[in-house]
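Coordinates from input23.tsv are shown below (TSV, C-alpha atoms).
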```tsv
chain	number	residue	atom	x	y	z
A	1	MET	CA	62.93	-34.39	-28.13
A	2	ARG	CA	62.08	-37.72	-26.51
A	3	GLY	CA	64.73	-37.15	-23.85
A	4	ALA	CA	63.30	-33.69	-23.05
A	5	ALA	CA	59.83	-35.19	-22.67
A	6	VAL	CA	61.21	-37.77	-20.25
A	7	ALA	CA	62.91	-35.03	-18.24
A	8	ILE	CA	59.68	-33.08	-18.07
A	9	ALA	CA	57.87	-36.18	-16.89
A	10	LEU	CA	60.45	-36.77	-14.18
A	11	ALA	CA	60.16	-33.14	-13.14
A	12	ALA	CA	56.41	-33.51	-12.84
A	13	THR	CA	56.86	-36.54	-10.54
A	14	ALA	CA	59.39	-34.77	-8.32
A	15	GLY	CA	58.45	-33.69	-4.84
A	16	ALA	CA	57.51	-30.26	-3.64
A	17	SER	CA	61.16	-29.27	-3.25
A	18	GLY	CA	63.82	-29.31	-6.02
A	19	GLU	CA	65.43	-32.75	-6.76
A	20	THR	CA	68.28	-34.14	-8.93
A	21	VAL	CA	67.61	-36.15	-12.07
A	22	TYR	CA	70.39	-38.23	-13.63
A	23	LYS	CA	70.94	-38.40	-17.37
A	24	CYS	CA	72.55	-41.75	-18.18
A	25	GLU	CA	74.02	-42.54	-21.62
A	26	ALA	CA	75.22	-45.98	-22.76
A	27	GLY	CA	75.19	-47.78	-26.12
A	28	GLY	CA	73.60	-44.79	-27.86
A	29	ARG	CA	70.70	-44.71	-25.45
A	30	THR	CA	69.82	-41.92	-23.05
A	31	ILE	CA	67.95	-42.64	-19.85
A	32	TYR	CA	66.70	-40.16	-17.25
A	33	GLN	CA	66.31	-41.51	-13.76
A	34	GLN	CA	66.18	-40.32	-10.17
A	35	THR	CA	69.07	-42.60	-9.07
A	36	PRO	CA	72.75	-42.34	-10.09
A	37	CYS	CA	73.78	-44.05	-13.32
A	38	ALA	CA	75.63	-47.39	-13.47
A	39	ARG	CA	79.42	-47.35	-13.58
A	40	ASP	CA	79.56	-48.17	-17.28
A	41	GLN	CA	77.17	-45.34	-18.16
A	42	ARG	CA	77.94	-41.75	-18.80
A	43	GLN	CA	76.24	-39.69	-16.13
A	44	GLN	CA	75.05	-36.08	-16.02
A	45	ALA	CA	73.32	-34.76	-12.93
A	46	ILE	CA	70.49	-32.32	-13.60
A	47	ARG	CA	69.21	-30.22	-10.73
A	48	LEU	CA	65.52	-29.51	-11.07
A	49	ALA	CA	64.34	-26.05	-10.11
A	50	ASP	CA	62.22	-25.65	-7.02
A	51	PRO	CA	58.52	-25.39	-7.93
A	52	ALA	CA	57.10	-21.92	-7.70
A	53	PRO	CA	54.97	-21.39	-4.61
A	54	PRO	CA	51.24	-21.23	-5.34
A	55	ALA	CA	49.89	-17.74	-5.77
A	56	GLU	CA	48.10	-16.62	-2.65
A	57	SER	CA	44.73	-14.98	-3.08
A	58	PRO	CA	44.48	-11.68	-1.24
A	59	ALA	CA	42.79	-11.89	2.12
A	60	PRO	CA	39.25	-10.54	2.11
A	61	ARG	CA	39.07	-6.97	3.21
A	62	PRO	CA	37.13	-6.58	6.43
A	63	PRO	CA	34.02	-4.42	6.20
A	64	PRO	CA	34.49	-0.83	7.34
A	65	PRO	CA	33.17	0.20	10.73
A	66	ALA	CA	29.56	1.20	10.88
A	67	GLU	CA	30.42	4.86	11.27
A	68	GLU	CA	32.45	4.79	8.02
A	69	ARG	CA	29.84	3.04	5.88
A	70	PRO	CA	27.97	5.28	3.44
A	71	ALA	CA	24.46	5.99	4.59
A	72	ALA	CA	21.76	4.24	2.59
A	73	ALA	CA	19.61	6.48	0.51
A	74	PRO	CA	16.34	7.08	2.33
A	75	VAL	CA	13.33	5.40	0.80
A	76	ALA	CA	10.54	7.82	0.15
A	77	ALA	CA	7.63	6.62	2.25
A	78	ARG	CA	4.14	7.07	0.91
A	79	ALA	CA	2.16	9.48	2.99
A	80	PHE	CA	-0.58	7.59	4.78
A	81	THR	CA	-4.02	9.10	4.50
A	82	PRO	CA	-6.48	7.63	7.02
A	83	PRO	CA	-9.97	6.75	5.81
A	84	PRO	CA	-12.45	9.57	6.34
A	85	THR	CA	-14.71	9.54	9.40
A	86	LEU	CA	-18.37	9.56	8.42
A	87	PHE	CA	-21.62	8.93	10.22
A	88	GLY	CA	-24.74	7.21	8.99
A	89	CYS	CA	-27.87	8.97	10.21
A	90	ILE	CA	-31.62	8.22	10.13
A	91	ARG	CA	-33.98	11.15	9.69
A	92	ALA	CA	-36.46	11.31	12.55
A	93	THR	CA	-39.39	12.51	10.43
A	94	ASP	CA	-39.42	9.92	7.64
A	95	GLY	CA	-36.73	7.36	8.52
A	96	LYS	CA	-34.64	8.07	5.43
A	97	PRO	CA	-30.87	7.49	5.76
A	98	TYR	CA	-28.22	10.09	4.95
A	99	THR	CA	-24.51	10.66	5.58
A	100	SER	CA	-23.12	13.21	8.02
A	101	ARG	CA	-19.56	14.34	8.68
A	102	ASP	CA	-20.00	15.39	12.30
A	103	GLY	CA	-22.50	12.84	13.65
A	104	GLU	CA	-24.18	15.44	15.86
A	105	PRO	CA	-27.27	16.72	14.04
A	106	GLN	CA	-29.04	19.62	15.69
A	107	PRO	CA	-32.56	19.06	17.08
A	108	TYR	CA	-35.37	20.57	15.04
A	109	MET	CA	-39.14	20.93	15.29
A	110	ALA	CA	-41.45	18.71	13.26
A	111	PRO	CA	-45.26	18.44	13.07
A	112	LEU	CA	-46.60	15.77	15.36
A	113	GLY	CA	-48.50	14.23	12.46
A	114	VAL	CA	-45.43	13.35	10.42
A	115	LEU	CA	-44.10	11.27	13.31
A	116	GLY	CA	-46.94	8.74	13.04
A	117	ALA	CA	-48.79	9.91	16.13
A	118	VAL	CA	-52.05	10.23	14.13
A	119	SER	CA	-53.12	7.67	11.55
A	120	GLN	CA	-55.50	9.96	9.60
A	121	PRO	CA	-54.02	11.08	6.25
A	122	LEU	CA	-53.05	14.73	5.89
A	123	ALA	CA	-55.41	15.01	2.90
A	124	ASP	CA	-58.35	14.28	5.18
A	125	THR	CA	-57.00	16.73	7.72
A	126	TYR	CA	-56.90	19.63	5.26
A	127	GLY	CA	-59.77	18.48	3.04
A	128	SER	CA	-62.72	18.94	5.42
A	129	ARG	CA	-64.46	22.11	6.55
A	130	GLY	CA	-63.41	21.49	10.15
A	131	ALA	CA	-59.81	20.83	9.27
A	132	ALA	CA	-56.93	22.80	10.71
A	133	ILE	CA	-55.71	25.52	8.41
A	134	ALA	CA	-53.22	27.25	10.72
A	135	SER	CA	-50.48	26.24	13.08
A	136	ALA	CA	-51.55	28.60	15.87
A	137	PRO	CA	-53.56	26.61	18.47
A	138	GLU	CA	-56.01	29.50	19.16
A	139	LEU	CA	-57.16	29.45	15.53
A	140	ASN	CA	-58.12	25.80	15.74
A	141	ARG	CA	-60.22	25.90	18.92
A	142	GLY	CA	-63.49	24.03	18.71
A	143	LYS	CA	-62.62	22.12	15.61
A	144	GLY	CA	-61.95	18.96	17.61
A	145	ASN	CA	-60.05	17.26	14.80
A	146	ALA	CA	-57.31	14.96	16.10
A	147	ALA	CA	-55.44	15.19	12.83
A	148	ALA	CA	-55.63	18.96	13.00
A	149	VAL	CA	-54.05	18.86	16.42
A	150	ALA	CA	-51.29	16.64	15.07
A	151	THR	CA	-50.48	18.91	12.16
A	152	SER	CA	-50.71	22.16	14.07
A	153	ASN	CA	-48.54	21.09	17.02
A	154	TYR	CA	-44.79	20.72	16.70
A	155	VAL	CA	-42.38	18.66	18.77
A	156	TRP	CA	-38.60	18.65	19.05
A	157	VAL	CA	-36.93	15.72	17.28
A	158	GLN	CA	-33.35	14.73	16.56
A	159	ASP	CA	-31.90	12.36	13.99
A	160	GLN	CA	-30.01	9.27	15.22
A	161	CYS	CA	-26.44	8.71	13.95
A	162	ARG	CA	-23.71	6.11	14.28
A	163	GLN	CA	-20.10	6.14	13.08
A	164	LEU	CA	-19.55	4.17	9.90
A	165	SER	CA	-16.77	1.62	9.55
A	166	PRO	CA	-13.89	2.56	7.19
A	167	ALA	CA	-15.32	0.28	4.49
A	168	GLU	CA	-18.80	1.81	4.87
A	169	ALA	CA	-17.38	5.33	4.81
A	170	CYS	CA	-15.41	4.62	1.63
A	171	GLY	CA	-18.48	3.15	-0.03
A	172	ALA	CA	-20.55	6.21	0.86
A	173	LEU	CA	-17.84	8.52	-0.48
A	174	ARG	CA	-17.62	6.60	-3.77
A	175	ASP	CA	-21.39	6.81	-4.22
A	176	GLU	CA	-21.30	10.54	-3.50
A	177	ALA	CA	-18.40	11.06	-5.94
A	178	GLU	CA	-20.21	9.17	-8.72
A	179	SER	CA	-23.38	11.18	-8.14
A	180	ASN	CA	-21.41	14.44	-8.20
A	181	GLN	CA	-19.64	13.49	-11.44
A	182	ARG	CA	-22.98	12.78	-13.09
A	183	ALA	CA	-24.14	16.22	-11.97
A	184	ILE	CA	-21.00	17.76	-13.53
A	185	ARG	CA	-21.67	16.09	-16.86
A	186	GLN	CA	-25.29	17.29	-16.90
A	187	ALA	CA	-24.65	20.83	-15.63
A	188	PHE	CA	-24.05	23.91	-17.73
A	189	LYS	CA	-20.52	25.20	-17.88
A	190	SER	CA	-21.42	28.17	-15.70
A	191	GLU	CA	-22.76	25.82	-13.02
A	192	ARG	CA	-19.79	23.45	-12.81
A	193	GLY	CA	-17.55	25.50	-10.51
A	194	PRO	CA	-18.99	24.37	-7.14
A	195	LEU	CA	-19.45	20.82	-8.42
A	196	GLU	CA	-15.84	20.57	-9.59
A	197	ALA	CA	-14.61	21.95	-6.26
A	198	LYS	CA	-16.64	19.26	-4.50
A	199	ASP	CA	-15.23	16.64	-6.87
A	200	ALA	CA	-11.66	17.64	-5.94
A	201	GLN	CA	-12.53	17.43	-2.24
A	202	LEU	CA	-14.07	13.98	-2.65
A	203	ARG	CA	-11.05	12.73	-4.61
A	204	GLN	CA	-8.76	13.86	-1.81
A	205	GLN	CA	-10.88	12.10	0.79
A	206	LEU	CA	-10.94	8.91	-1.29
A	207	GLN	CA	-7.13	8.68	-1.17
A	208	GLY	CA	-7.50	6.97	2.22
A	209	CYS	CA	-9.67	4.29	0.59
A	210	ASP	CA	-7.04	2.91	-1.87
```

Could you take the file, read its structure, and then write that structure out as structure tokens?
Amino acid sequence: MRGAAVAIALAATAGASGETVYKCEAGGRTIYQQTPCARDQRQQAIRLADPAPPAESPAPRPPPPAEERPAAAPVAARAFTPPPTLFGCIRATDGKPYTSRDGEPQPYMAPLGVLGAVSQPLADTYGSRGAAIASAPELNRGKGNAAAVATSNYVWVQDQCRQLSPAEACGALRDEAESNQRAIRQAFKSERGPLEAKDAQLRQQLQGCD
């Protein structure tokens, strides 16, 4: 067994190609060496097998041409909903703000008195015997009341509007949706139809605000 181990060791130290190892025996001893034995030794030449060539790893496969590659599955894109376009308007008669969807309010007629042209209160205008009680100018002749003239004469006015920014429009829509939902909760079941339809419309418009 010791001689076999020595032979294996010599085989491990051999070169890349096969070599010859000599088994020398003399005086009951066995020696393995890479050179021929002495004349007084019994010699046995052992040819070592050539080492097996290292296993070659397969060459990487080149990628297929672009036209042969499987098409990537399309990614479902989320439909983009632009923010709604709203206008902030100021009422010409009392200066109160409101929201409009077209930004082009139609002109309308308003009493001259409500526009601040006359400082006398309307209660004084209608509370005296000489006050105006009709809008027709011929019915107020001779009364000489400036407030009566203001309340019985109408002028054309028009509200002023400007386009709201996307953030302002979304805020106005959220306020309107909350107010409409409160109305739904407080309304009778028979009255909820139009309010629920409006709620669905507002929810759709608010999709552009997410």

Just give me the gap between CA of Ile46 in chain A and CA of Cys24 in chain A in Å, one decimal is fine.
10.7 Å

For a quick check of understanding, using only C-alpha atoms, which of A:Glu56, A:Asp159, A:Asp40, A:Pro83 has the smallest distance to Lys96 in chain A?
A:Asp159

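Take the candidates A:Ala49, A:Gln160, A:Pro58, A:Gly113 and check each one against Gly95 in chain A using all atoms listed in the file; the shortest distance goes to A:Gln160.
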
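Going from CA of Gln181 in chain A over to CA of Ser165 in chain A, you cover 24.3 Å.
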
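Distance check against Glu168 in chain A using all atoms listed in the file: of A:Pro84, A:Gly103, A:Pro97, A:Pro194, the minimum falls on A:Pro84.
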
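Non-sequential neighbours of Cys170 in chain A (distance at most 10 Å, separation of 5 or more positions within a chain, only C-alpha atoms) are Pro83, Pro84, Thr85, Leu86, Leu164, Ser165, Asp175, Glu176, Gln205, Leu206, Gln207, Gly208, Cys209 and Asp210 of chain A.
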
Between CA of Gln106 in chain A and CA of Thr81 in chain A lies a distance of 29.4 Å

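Here the question is which of A:Arg174, A:Arg61, A:Lys189, A:Arg182 gets nearest to Leu202 in chain A using all atoms listed in the file, and that residue is A:Arg174.
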
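Counting only C-alpha atoms, the residue from A:Gly88, A:Thr35, A:Lys198, A:Gln44 that sits nearest to Gly171 in chain A is A:Gly88.
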
Which one is closest to Gln201 in chain A: A:Val114, A:Ala38, A:Ala177, A:Ile184? Count all atoms listed in the file.
A:Ala177
